[in-house]
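my_file01.cif follows (mmCIF, C-alpha atoms):
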data_query
#
loop_
_atom_site.label_atom_id
_atom_site.label_comp_id
_atom_site.auth_asym_id
_atom_site.auth_seq_id
_atom_site.Cartn_x
_atom_site.Cartn_y
_atom_site.Cartn_z
CA MET A 4 -1.54 13.84 -9.35
CA THR A 5 -0.48 10.22 -9.37
CA LYS A 6 -2.39 7.25 -8.04
CA LEU A 7 -2.04 3.57 -7.32
CA THR A 8 -4.38 1.43 -9.37
CA GLY A 9 -4.79 -2.30 -9.64
CA ILE A 10 -6.03 -4.61 -12.32
CA ILE A 11 -6.86 -8.31 -12.44
CA ARG A 12 -6.32 -10.04 -15.74
CA ILE A 13 -7.34 -13.64 -16.36
CA THR A 14 -6.21 -15.38 -19.52
CA LYS A 15 -7.67 -18.74 -20.41
CA SER A 16 -5.70 -21.39 -22.20
CA THR A 17 -8.39 -21.11 -24.88
CA GLY A 18 -7.29 -17.53 -25.57
CA GLU A 19 -10.04 -15.56 -23.90
CA ILE A 20 -8.91 -12.64 -21.79
CA TYR A 21 -10.83 -11.09 -18.95
CA GLU A 22 -9.73 -7.86 -17.32
CA TYR A 23 -11.19 -6.21 -14.26
CA PRO A 24 -10.37 -3.10 -12.26
CA MET A 25 -9.13 -4.12 -8.87
CA HIS A 26 -10.11 -1.99 -5.95
CA SER A 27 -10.99 -4.28 -3.11
CA PHE A 28 -8.29 -4.13 -0.53
CA VAL A 29 -10.03 -5.11 2.67
CA GLN A 30 -9.74 -3.85 6.23
CA ASN A 31 -6.92 -6.30 6.97
CA PHE A 32 -4.76 -4.48 4.45
CA ALA A 33 -5.27 -1.20 6.27
CA TYR A 34 -4.11 -2.84 9.51
CA MET A 35 -1.09 -4.34 7.80
CA LEU A 36 -0.14 -1.06 6.18
CA ASN A 37 -0.71 0.84 9.40
CA GLY A 38 1.61 -1.57 11.21
CA LEU A 39 4.25 -1.25 8.53
CA CYS A 40 4.17 2.53 8.86
CA ASN A 41 4.82 2.52 12.57
CA LYS A 42 8.11 2.30 14.35
CA SER A 43 7.09 2.88 17.89
CA LEU A 44 3.98 0.85 18.44
CA PRO A 45 4.24 -1.88 21.05
CA ASN A 46 5.12 -5.39 20.02
CA ALA A 47 1.63 -6.39 20.99
CA GLY A 48 0.48 -4.79 17.81
CA VAL A 49 -1.71 -2.02 16.62
CA GLY A 50 -5.36 -1.26 16.95
CA THR A 51 -8.22 -3.66 16.72
CA PRO A 52 -7.05 -7.06 15.60
CA MET A 53 -7.29 -8.13 12.03
CA LYS A 54 -8.53 -11.62 11.21
CA ASP A 55 -6.61 -14.48 9.73
CA THR A 56 -8.22 -16.85 7.25
CA ALA A 57 -9.46 -19.04 10.10
CA ASN A 58 -11.31 -16.07 11.61
CA VAL A 59 -8.83 -15.83 14.46
CA SER A 60 -8.00 -12.32 15.63
CA ARG A 61 -4.39 -11.34 15.00
CA LEU A 62 -2.39 -8.27 15.81
CA ALA A 63 -0.52 -6.32 13.18
CA GLY A 64 2.94 -5.78 14.59
CA ALA A 65 4.85 -2.58 14.15
CA TYR A 66 7.82 -2.29 11.85
CA ASN A 67 10.65 -2.31 14.29
CA ALA A 68 9.45 -2.08 17.86
CA GLY A 69 12.05 -3.97 19.85
CA VAL A 70 13.55 -5.25 16.60
CA THR A 71 10.42 -7.04 15.53
CA TRP A 72 10.49 -8.26 11.99
CA TYR A 73 7.45 -7.89 9.93
CA ASN A 74 7.19 -9.21 6.47
CA TRP A 75 5.02 -10.88 3.89
CA PHE A 76 7.50 -13.65 3.37
CA TYR A 77 7.11 -15.56 0.11
CA THR A 78 3.50 -14.63 -0.35
CA ALA A 79 4.09 -13.91 -4.00
CA ALA A 80 6.04 -17.11 -4.39
CA ALA A 81 3.69 -19.63 -2.86
CA ALA A 82 4.76 -23.12 -3.84
CA ILE A 83 2.93 -25.58 -6.05
CA GLY A 84 -0.22 -26.87 -4.44
CA ILE A 85 -0.37 -24.20 -1.73
CA ASP A 86 -3.90 -22.85 -1.51
CA THR A 87 -3.63 -21.25 1.91
CA TYR A 88 -1.70 -18.15 0.85
CA GLY A 89 -0.60 -16.23 -2.18
CA MET A 90 -3.07 -15.60 -4.94
CA VAL A 91 -6.25 -17.64 -4.53
CA VAL A 92 -9.47 -18.14 -6.47
CA GLY A 93 -12.99 -19.05 -5.48
CA THR A 94 -16.52 -19.59 -6.67
CA GLY A 95 -18.35 -17.33 -4.23
CA VAL A 96 -20.35 -14.35 -5.37
CA THR A 97 -21.09 -12.62 -2.08
CA PRO A 98 -20.24 -8.94 -2.48
CA VAL A 99 -16.99 -7.79 -0.95
CA ALA A 100 -17.12 -6.45 2.59
CA LEU A 101 -14.32 -4.62 4.34
CA THR A 102 -14.35 -7.27 7.04
CA ASP A 103 -13.80 -10.19 4.68
CA TYR A 104 -11.06 -12.44 6.03
CA LYS A 105 -11.23 -15.24 3.45
CA LEU A 106 -12.70 -15.93 0.06
CA ASP A 107 -16.40 -16.61 0.11
CA VAL A 108 -16.04 -20.11 -1.35
CA PRO A 109 -12.35 -20.92 -1.90
CA ILE A 110 -11.42 -23.43 -4.55
CA ALA A 111 -9.22 -26.04 -2.93
CA GLN A 112 -6.05 -27.45 -4.43
CA GLY A 113 -6.58 -30.85 -6.03
CA VAL A 114 -8.10 -32.79 -8.87
CA GLY A 115 -11.34 -33.75 -7.19
CA ALA A 116 -14.73 -32.29 -7.97
CA GLY A 117 -14.66 -28.50 -7.65
CA GLN A 118 -10.93 -28.41 -7.15
CA MET A 119 -8.14 -26.84 -9.18
CA ARG A 120 -4.43 -27.37 -9.24
CA TYR A 121 -2.51 -24.36 -7.90
CA SER A 122 0.78 -23.70 -9.60
CA GLY A 123 3.80 -22.19 -7.95
CA ALA A 124 3.28 -18.46 -7.93
CA SER A 125 5.46 -16.10 -9.84
CA TYR A 126 6.67 -12.62 -9.64
CA GLN A 127 7.06 -11.16 -13.07
CA VAL A 128 10.59 -10.63 -14.24
CA GLY A 129 11.03 -7.00 -15.02
CA LYS A 130 9.55 -5.94 -11.74
CA ILE A 131 8.88 -2.24 -11.68
CA SER A 132 8.54 -1.30 -15.31
CA SER A 133 9.84 1.87 -16.89
CA GLY A 134 7.92 4.64 -18.57
CA ALA A 135 5.15 6.93 -17.45
CA ASN A 136 3.12 4.20 -15.81
CA ARG A 137 5.17 2.07 -13.43
CA SER A 138 3.86 -1.25 -12.29
CA PHE A 139 4.66 -4.64 -10.83
CA LYS A 140 2.78 -7.84 -11.38
CA LEU A 141 1.95 -11.02 -9.47
CA ILE A 142 1.06 -14.14 -11.43
CA ARG A 143 -0.32 -17.57 -10.66
CA TRP A 144 -1.71 -20.37 -12.78
CA PHE A 145 -4.68 -22.58 -11.98
CA THR A 146 -5.54 -25.77 -13.86
CA ASN A 147 -8.83 -27.56 -13.87
CA ASP A 148 -8.09 -31.28 -13.79
CA SER A 149 -11.33 -32.00 -11.97
CA PRO A 150 -14.16 -33.96 -13.56
CA GLY A 151 -16.24 -30.88 -14.36
CA ALA A 152 -16.18 -27.22 -15.31
CA ILE A 153 -15.53 -24.70 -12.54
CA THR A 154 -16.72 -21.12 -12.49
CA VAL A 155 -14.26 -18.68 -10.97
CA ASN A 156 -16.14 -15.77 -9.48
CA GLU A 157 -13.68 -14.32 -6.99
CA VAL A 158 -9.97 -13.66 -6.72
CA GLY A 159 -8.00 -12.73 -3.64
CA PHE A 160 -4.54 -12.44 -2.22
CA ILE A 161 -3.54 -13.92 1.10
CA ALA A 162 -0.42 -12.43 2.66
CA ARG A 163 1.67 -14.38 5.12
CA PRO A 164 3.13 -11.81 7.49
CA TYR A 165 5.80 -12.91 9.90
CA ASN A 166 6.69 -11.25 13.14
CA HIS A 167 9.16 -12.98 15.41
CA LEU A 168 7.08 -12.16 18.46
CA LEU A 169 3.61 -12.53 17.05
CA GLY A 170 4.22 -15.50 14.78
CA GLN A 171 3.17 -16.12 11.22
CA PHE A 172 -0.35 -16.34 9.90
CA ASN A 173 -2.39 -16.05 6.73
CA ILE A 174 -4.12 -12.73 6.16
CA LEU A 175 -6.45 -11.96 3.29
CA ILE A 176 -5.57 -8.48 2.06
CA CYS A 177 -7.78 -8.16 -0.99
CA ARG A 178 -10.80 -9.83 -2.51
CA ASP A 179 -12.56 -9.00 -5.75
CA VAL A 180 -15.76 -10.50 -7.09
CA LEU A 181 -15.47 -10.69 -10.84
CA ALA A 182 -18.03 -8.75 -12.83
CA VAL A 183 -17.89 -11.43 -15.51
CA PRO A 184 -17.37 -15.01 -14.22
CA VAL A 185 -14.71 -17.15 -15.81
CA VAL A 186 -15.81 -20.67 -16.65
CA VAL A 187 -12.83 -23.01 -16.67
CA GLY A 188 -13.48 -26.20 -18.56
CA VAL A 189 -11.96 -29.56 -17.81
CA GLY A 190 -8.31 -29.58 -18.78
CA GLU A 191 -8.19 -25.81 -19.15
CA LEU A 192 -5.74 -23.50 -17.44
CA ILE A 193 -6.12 -19.89 -16.38
CA THR A 194 -3.38 -17.37 -15.79
CA VAL A 195 -4.33 -14.87 -13.14
CA GLU A 196 -2.36 -11.65 -12.94
CA MET A 197 -2.60 -8.83 -10.43
CA SER A 198 -0.92 -5.64 -11.50
CA PHE A 199 -0.33 -2.61 -9.33
CA GLN A 200 0.52 0.58 -11.10
CA ILE A 201 1.52 4.09 -10.22
CA THR A 202 -0.08 6.14 -12.91
CA ALA A 203 -0.39 9.80 -13.66
CA MET B 27 -14.14 -13.36 -28.56
CA ILE B 28 -12.10 -11.50 -25.97
CA PRO B 29 -14.50 -10.04 -23.42
CA VAL B 30 -12.19 -7.43 -21.96
CA ASN B 31 -14.17 -4.81 -20.17
CA GLU B 32 -12.72 -1.77 -21.90
CA GLU B 33 -15.01 0.67 -20.18
CA THR B 34 -14.00 -0.21 -16.65
CA LYS B 35 -10.42 -0.43 -17.75
CA LYS B 36 -10.52 3.22 -18.73
CA THR B 37 -12.03 4.36 -15.48
CA ARG B 38 -9.81 2.61 -13.02
CA LYS B 39 -10.07 4.10 -9.59
CA PRO B 40 -7.22 4.11 -7.10
CA CYS B 41 -7.13 0.91 -5.09
CA LEU B 42 -5.45 2.77 -2.27
CA GLN B 43 -6.43 6.34 -1.52
CA VAL B 44 -4.03 8.81 0.05
CA ALA B 45 -5.57 12.12 1.07
CA TRP B 46 -3.93 15.07 2.78
CA ASN B 47 -5.22 17.91 4.84
CA VAL B 48 -3.33 20.89 6.25
CA GLN B 49 -4.66 23.23 8.89
CA VAL B 50 -3.02 26.38 10.22
CA TYR B 51 -3.75 27.46 13.78
CA ASP B 52 -2.90 30.77 15.39
CA LYS B 53 -1.34 31.35 18.79
CA ASP B 54 -4.72 30.85 20.43
CA ASP B 55 -5.23 27.48 18.77
CA LYS B 56 -7.86 28.91 16.49
CA LEU B 57 -8.13 27.30 13.07
CA ILE B 58 -7.48 30.00 10.48
CA LYS B 59 -6.65 28.17 7.23
CA GLU B 60 -7.24 24.76 5.73
CA LYS B 61 -6.56 22.96 2.45
CA SER B 62 -6.93 19.39 1.22
CA GLY B 63 -5.93 17.18 -1.68
CA GLN B 64 -5.22 13.61 -2.58
CA ASN B 65 -3.32 10.89 -4.41
CA SER B 66 0.29 11.54 -5.17
CA LEU B 67 1.93 8.22 -4.46
CA LEU B 68 5.31 7.85 -6.12
CA VAL B 69 7.23 5.06 -7.78
CA ALA B 70 9.13 4.50 -4.55
CA PHE B 71 5.89 3.48 -2.86
CA ALA B 72 5.11 0.91 -5.54
CA THR B 73 8.64 -0.42 -5.27
CA LYS B 74 8.39 -0.74 -1.51
CA MET B 75 5.08 -2.49 -1.98
CA ALA B 76 6.68 -4.85 -4.48
CA GLY B 77 9.30 -5.60 -1.86
CA LEU B 78 6.58 -6.54 0.59
CA PHE B 79 5.47 -9.23 -1.82
CA TYR B 80 8.82 -10.57 -2.94
CA ASP B 81 10.84 -8.32 -5.17
CA THR B 82 14.53 -7.83 -4.56
CA THR B 83 15.75 -6.39 -7.77
CA SER B 84 13.78 -3.28 -8.59
CA THR B 85 15.62 -0.10 -7.84
CA TYR B 86 14.41 3.28 -6.87
CA LYS B 87 15.97 6.46 -5.63
CA ASP B 88 16.37 7.63 -2.08
CA ILE B 89 16.13 11.33 -1.28
CA THR B 90 19.80 11.82 -2.13
CA ASN B 91 19.18 10.46 -5.65
CA THR B 92 21.02 7.22 -4.84
CA ASN B 93 19.62 3.99 -6.26
CA ARG B 94 18.33 1.51 -3.70
CA ASN B 95 17.03 -2.01 -4.11
CA ALA B 96 13.62 -3.07 -2.92
CA ILE B 97 14.32 -5.30 0.05
CA GLN B 98 12.66 -8.67 0.11
CA MET B 99 10.91 -9.66 3.27
CA SER B 100 12.62 -12.48 5.04
CA PRO B 101 12.80 -13.79 8.59
CA GLN B 102 16.54 -13.91 8.14
CA GLY B 103 16.72 -10.48 6.62
CA GLN B 104 16.37 -6.96 7.76
CA PRO B 105 13.27 -5.72 9.46
CA ASN B 106 11.39 -3.86 6.86
CA GLY B 107 8.25 -1.93 6.22
CA ILE B 108 7.46 1.64 5.37
CA PRO B 109 8.16 3.24 8.74
CA CYS B 110 7.14 6.85 8.65
CA ALA B 111 5.17 7.41 11.84
CA GLY B 112 6.30 7.53 15.43
CA TYR B 113 9.56 9.31 14.76
CA GLY B 114 10.85 12.08 16.93
CA TYR B 115 11.02 15.78 17.30
CA GLY B 116 13.12 17.66 14.83
CA LEU B 117 13.51 14.95 12.20
CA THR B 118 13.05 15.99 8.61
CA THR B 119 14.30 12.72 7.20
CA LEU B 120 11.34 10.66 8.39
CA GLY B 121 7.63 11.21 8.57
CA ILE B 122 5.59 14.03 7.11
CA VAL B 123 7.70 16.86 5.71
CA LEU B 124 6.91 20.26 4.24
CA GLY B 125 8.40 22.30 1.43
CA THR B 126 8.09 25.54 -0.45
CA ASN B 127 8.29 24.52 -4.10
CA ASN B 128 5.15 23.45 -5.95
CA THR B 129 6.72 22.21 -9.16
CA ALA B 130 4.32 19.65 -10.60
CA VAL B 131 4.46 16.11 -9.26
CA THR B 132 5.85 13.33 -11.40
CA ALA B 133 5.75 9.65 -10.49
CA ASP B 134 9.54 9.55 -10.36
CA ASP B 135 9.95 12.35 -7.83
CA TYR B 136 12.30 11.11 -5.12
CA LYS B 137 12.18 14.01 -2.67
CA LEU B 138 10.46 17.27 -1.95
CA ASN B 139 11.81 20.00 -4.18
CA THR B 140 12.62 22.50 -1.45
CA ILE B 141 12.17 21.05 1.99
CA VAL B 142 11.71 23.32 5.00
CA ALA B 143 14.46 22.59 7.49
CA ASN B 144 13.90 22.04 11.18
CA GLY B 145 14.77 24.96 13.41
CA THR B 146 13.92 28.48 14.44
CA GLY B 147 16.04 30.31 11.91
CA GLY B 148 14.76 32.14 8.87
CA GLY B 149 12.59 29.87 6.72
CA GLN B 150 12.65 27.06 9.25
CA LEU B 151 9.92 25.23 11.15
CA LEU B 152 10.02 23.18 14.32
CA TYR B 153 8.93 19.66 13.47
CA LEU B 154 7.21 17.91 16.34
CA ALA B 155 7.12 14.13 16.63
CA GLY B 156 5.01 12.39 14.04
CA ALA B 157 2.23 10.09 15.06
CA SER B 158 -0.27 7.65 13.70
CA ILE B 159 -3.92 7.10 14.49
CA GLY B 160 -4.95 3.47 14.20
CA VAL B 161 -7.33 1.93 11.76
CA THR B 162 -10.96 2.91 11.83
CA THR B 163 -13.62 1.31 9.72
CA ALA B 164 -16.89 2.82 8.63
CA ALA B 165 -18.09 0.82 5.64
CA PRO B 166 -17.26 1.15 2.84
CA VAL B 167 -14.03 2.79 4.01
CA SER B 168 -11.26 1.53 6.26
CA SER B 169 -8.55 4.06 7.01
CA PHE B 170 -5.78 5.26 9.26
CA VAL B 171 -4.04 8.58 9.76
CA ILE B 172 -0.43 9.71 9.88
CA ASP B 173 -0.06 13.20 11.28
CA ARG B 174 2.42 15.80 12.45
CA ILE B 175 2.61 19.36 13.72
CA MET B 176 5.12 21.99 12.60
CA ILE B 177 5.51 25.29 14.46
CA ASN B 178 6.83 28.53 13.04
CA HIS B 179 9.18 30.35 15.42
CA SER B 180 11.29 31.75 12.63
CA ALA B 181 10.18 35.35 13.10
CA GLY B 182 8.88 35.42 9.53
CA THR B 183 6.17 33.96 7.32
CA ILE B 184 6.77 30.63 5.61
CA THR B 185 4.67 29.69 2.60
CA ILE B 186 4.04 25.96 2.27
CA LYS B 187 3.57 24.69 -1.27
CA GLU B 188 4.45 21.02 -1.04
CA LEU B 189 4.24 18.18 1.42
CA GLY B 190 5.09 14.52 1.47
CA ILE B 191 5.93 11.46 3.51
CA TYR B 192 9.46 10.23 3.99
CA CYS B 193 10.13 6.74 5.30
CA LEU B 194 13.10 4.70 6.38
CA GLU B 195 14.50 2.14 4.01
CA GLY B 196 15.06 -0.86 6.21
CA GLY B 197 18.63 -1.96 6.53
CA ALA B 198 19.98 0.71 4.27
CA ALA B 199 19.94 3.72 6.55
CA ALA B 200 18.40 5.63 3.69
CA THR B 201 15.28 7.72 3.37
CA ILE B 202 12.80 7.48 0.55
CA CYS B 203 9.85 9.62 -0.45
CA LEU B 204 6.57 7.68 -0.60
CA CYS B 205 4.36 10.51 -1.78
CA ARG B 206 4.61 14.16 -2.72
CA ASP B 207 1.75 16.58 -3.01
CA ILE B 208 1.67 20.18 -4.03
CA ILE B 209 -0.44 23.10 -2.93
CA ALA B 210 -1.35 25.46 -5.74
CA ASP B 211 -0.28 29.09 -5.60
CA PRO B 212 -0.38 31.05 -3.43
CA GLY B 213 0.24 28.10 -1.08
CA VAL B 214 -0.53 28.26 2.60
CA ASP B 215 1.21 30.83 4.81
CA ILE B 216 2.32 30.02 8.33
CA ASP B 217 3.06 33.23 10.17
CA ASP B 218 5.43 33.48 13.08
CA GLY B 219 3.83 31.91 16.14
CA GLU B 220 1.38 29.85 14.12
CA TYR B 221 1.51 26.13 13.58
CA MET B 222 0.42 23.73 10.88
CA TYR B 223 -1.28 20.42 11.58
CA VAL B 224 -0.74 18.03 8.68
CA ARG B 225 -2.73 14.88 8.29
CA TYR B 226 -2.44 12.12 5.73
CA THR B 227 -5.32 9.64 5.58
CA ILE B 228 -4.64 6.31 3.91
CA SER B 229 -7.77 4.39 3.06
CA VAL B 230 -9.18 1.41 1.23
CA THR B 231 -12.71 1.34 -0.10
CA THR B 232 -14.77 -1.63 -1.15
#
Spell out the structure here as structure tokens.
Amino acid sequence: MTKLTGIIRITKSTGEIYEYPMHSFVQNFAYMLNGLCNKSLPNAGVGTPMKDTANVSRLAGAYNAGVTWYNWFYTAAAAIGIDTYGMVVGTGVTPVALTDYKLDVPIAQGVGAGQMRYSGASYQVGKISSGANRSFKLIRWFTNDSPGAITVNEVGFIARPYNHLLGQFNILICRDVLAVPVVVGVGELITVEMSFQITA
Amino acid sequence: MIPVNEETKKTRKPCLQVAWNVQVYDKDDKLIKEKSGQNSLLVAFATKMAGLFYDTTSTYKDITNTNRNAIQMSPQGQPNGIPCAGYGYGLTTLGIVLGTNNTAVTADDYKLNTIVANGTGGGQLLYLAGASIGVTTAAPVSSFVIDRIMINHSAGTITIKELGIYCLEGGAAATICLCRDIIADPGVDIDDGEYMYVRYTISVTT
């Protein structure tokens, strides 16, 4: 038996490392995956709409119905300062619900109070690793240049699917509330990694 | 101090569950056999998933043992996804497929060991069109189903010992194996005139 597992690892510039099991794909992810699996669904999409990060209902398009394209374009490579998609962090502690469509309390990009600077996101070189456990990793860095400490309590990933008929929108696909909060002091940086692994 | 939570690290649960169920019905549509299992996603699935995020360089094998690159998603690129539902009658290169060899699963498996061909000849099954049932949510689980029916008109008994999902590799006209599961001996027999209903349920749980 093999399985897909996920892990969130946060490394502080001060050397502390926090590691959490990741298991909170939300309902939106199921819709996305369902759409990706289907060839013959109508362009209008599949099933009950998922929600974008503005709480607007969106349809998950099928893979190739009428040559629709469907992709998560650049989600893992969100540019510097982008806090609307890619990996995101927040301060909220509300437990995860399947119907979550955004972080509870997202931390905005910036240097003002309660804000953090979002780096450009990265996709780890090496990609799918070799060996018995095969994984890939998404990475993003967040710096606290605000006037005060910020406590990171939640981590999520916002995909940016594109369909040439449906358009492009931001869809939260996973959200995890951290069992142990990460306090990021002024001037400190955190490296947040999400790893997905096929493991025996 | 490095407050890594070693305990939870050791007990990582799947973040995406894949469960299978097979049912055999007789000529009168009466359920006569049933088996279930779960979680045999393969490296190809992880690689496809990596492609959904960005990757373009990881390689994995299609069902002919040919290396393929994960295709990056791009509006200018090929349509992509993991299409495996909604394909037609008779296809054994896409959708749910069955086999007769229950050699243990490894993460690097790239095909079923001994696939059952489509047809009415000896050892063959008629593969009906695959389908998908949309997402349903009943907290804490959100799931959808991919299913398919295979009918035995071969005049003999066929013993199913493995099953999996094949999907199309966008733009490459190749087929890859997303998951492979085995059924322990003695497997599940499908006698002549009977049919098997196979259902994969993919779910996320908060």
Selection dump of the PyMOL selection byres ((chain B and resi 167-170) around 8), as a PyMOL selection string: (chain A and resi 29-30+33+37+101) or (chain B and resi 158-166+171-172+227-232)
The PyMOL selection byres ((chain A and resi 104) around 6) on the file shown: which residues, as an MDAnalysis selection string? chainID A and resid 54 56 103 105 175
Once the PyMOL selection byres ((chain B and resi 175-182) around 12) has been applied to the shown file, what residues remain in the selection, as a ChimeraX atom specification? /B:47-53,55,114-118,121-125,142-157,172-174,183-186,189,215-226
Within 7 Å of (-8.7, 19.2, 3.9) in the file's own coordinates, which protein, DNA or RNA residues have an atom, counting all atoms listed in the file? List them as a PyMOL selection string. chain B and resi 46-48+60-63
Report as a ChimeraX atom specification all protein, DNA and RNA residues lying within 7 Å of Val91 (chain A), evaluated on only C-alpha atoms, omitting residues in the same chain fewer than 4 positions from it. /A:86,158-160
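For the set A:Leu181, A:Val189, A:Val59, A:Ala100, the residue with the smallest atom-to-atom gap to chain B is A:Ala100, counting only C-alpha atoms.
As for CA of Pro212 (chain B) and CA of Thr132 (chain B), they are spaced 20.4 Å apart.
You can rank A:Ala111, A:Met35, A:Val185, A:Ile20 by their closest distance to chain B using all atoms listed in the file, and at the top of that list sits A:Ile20.
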Excluding same-chain residues fewer than 2 positions from region 149-152 of chain A, what lies within 12 Å of it counting all atoms listed in the file, as a PyMOL selection string? chain A and resi 94+110-120+145-147+154-155+185-192
Quick one: residues within 6 Å of region 171-173 of chain A, all atoms listed in the file, excluding same-chain residues fewer than 6 positions away - as a VMD selection string? chain A and resid 55 to 56 162 to 165
Which one of A:Asp107, A:Asp179, A:Asp148, A:Glu22 sits closest to chain B if you count all atoms listed in the file? A:Glu22
Here CA of Ala63 (chain A) and CA of Thr97 (chain A) stand apart by 26.4 Å
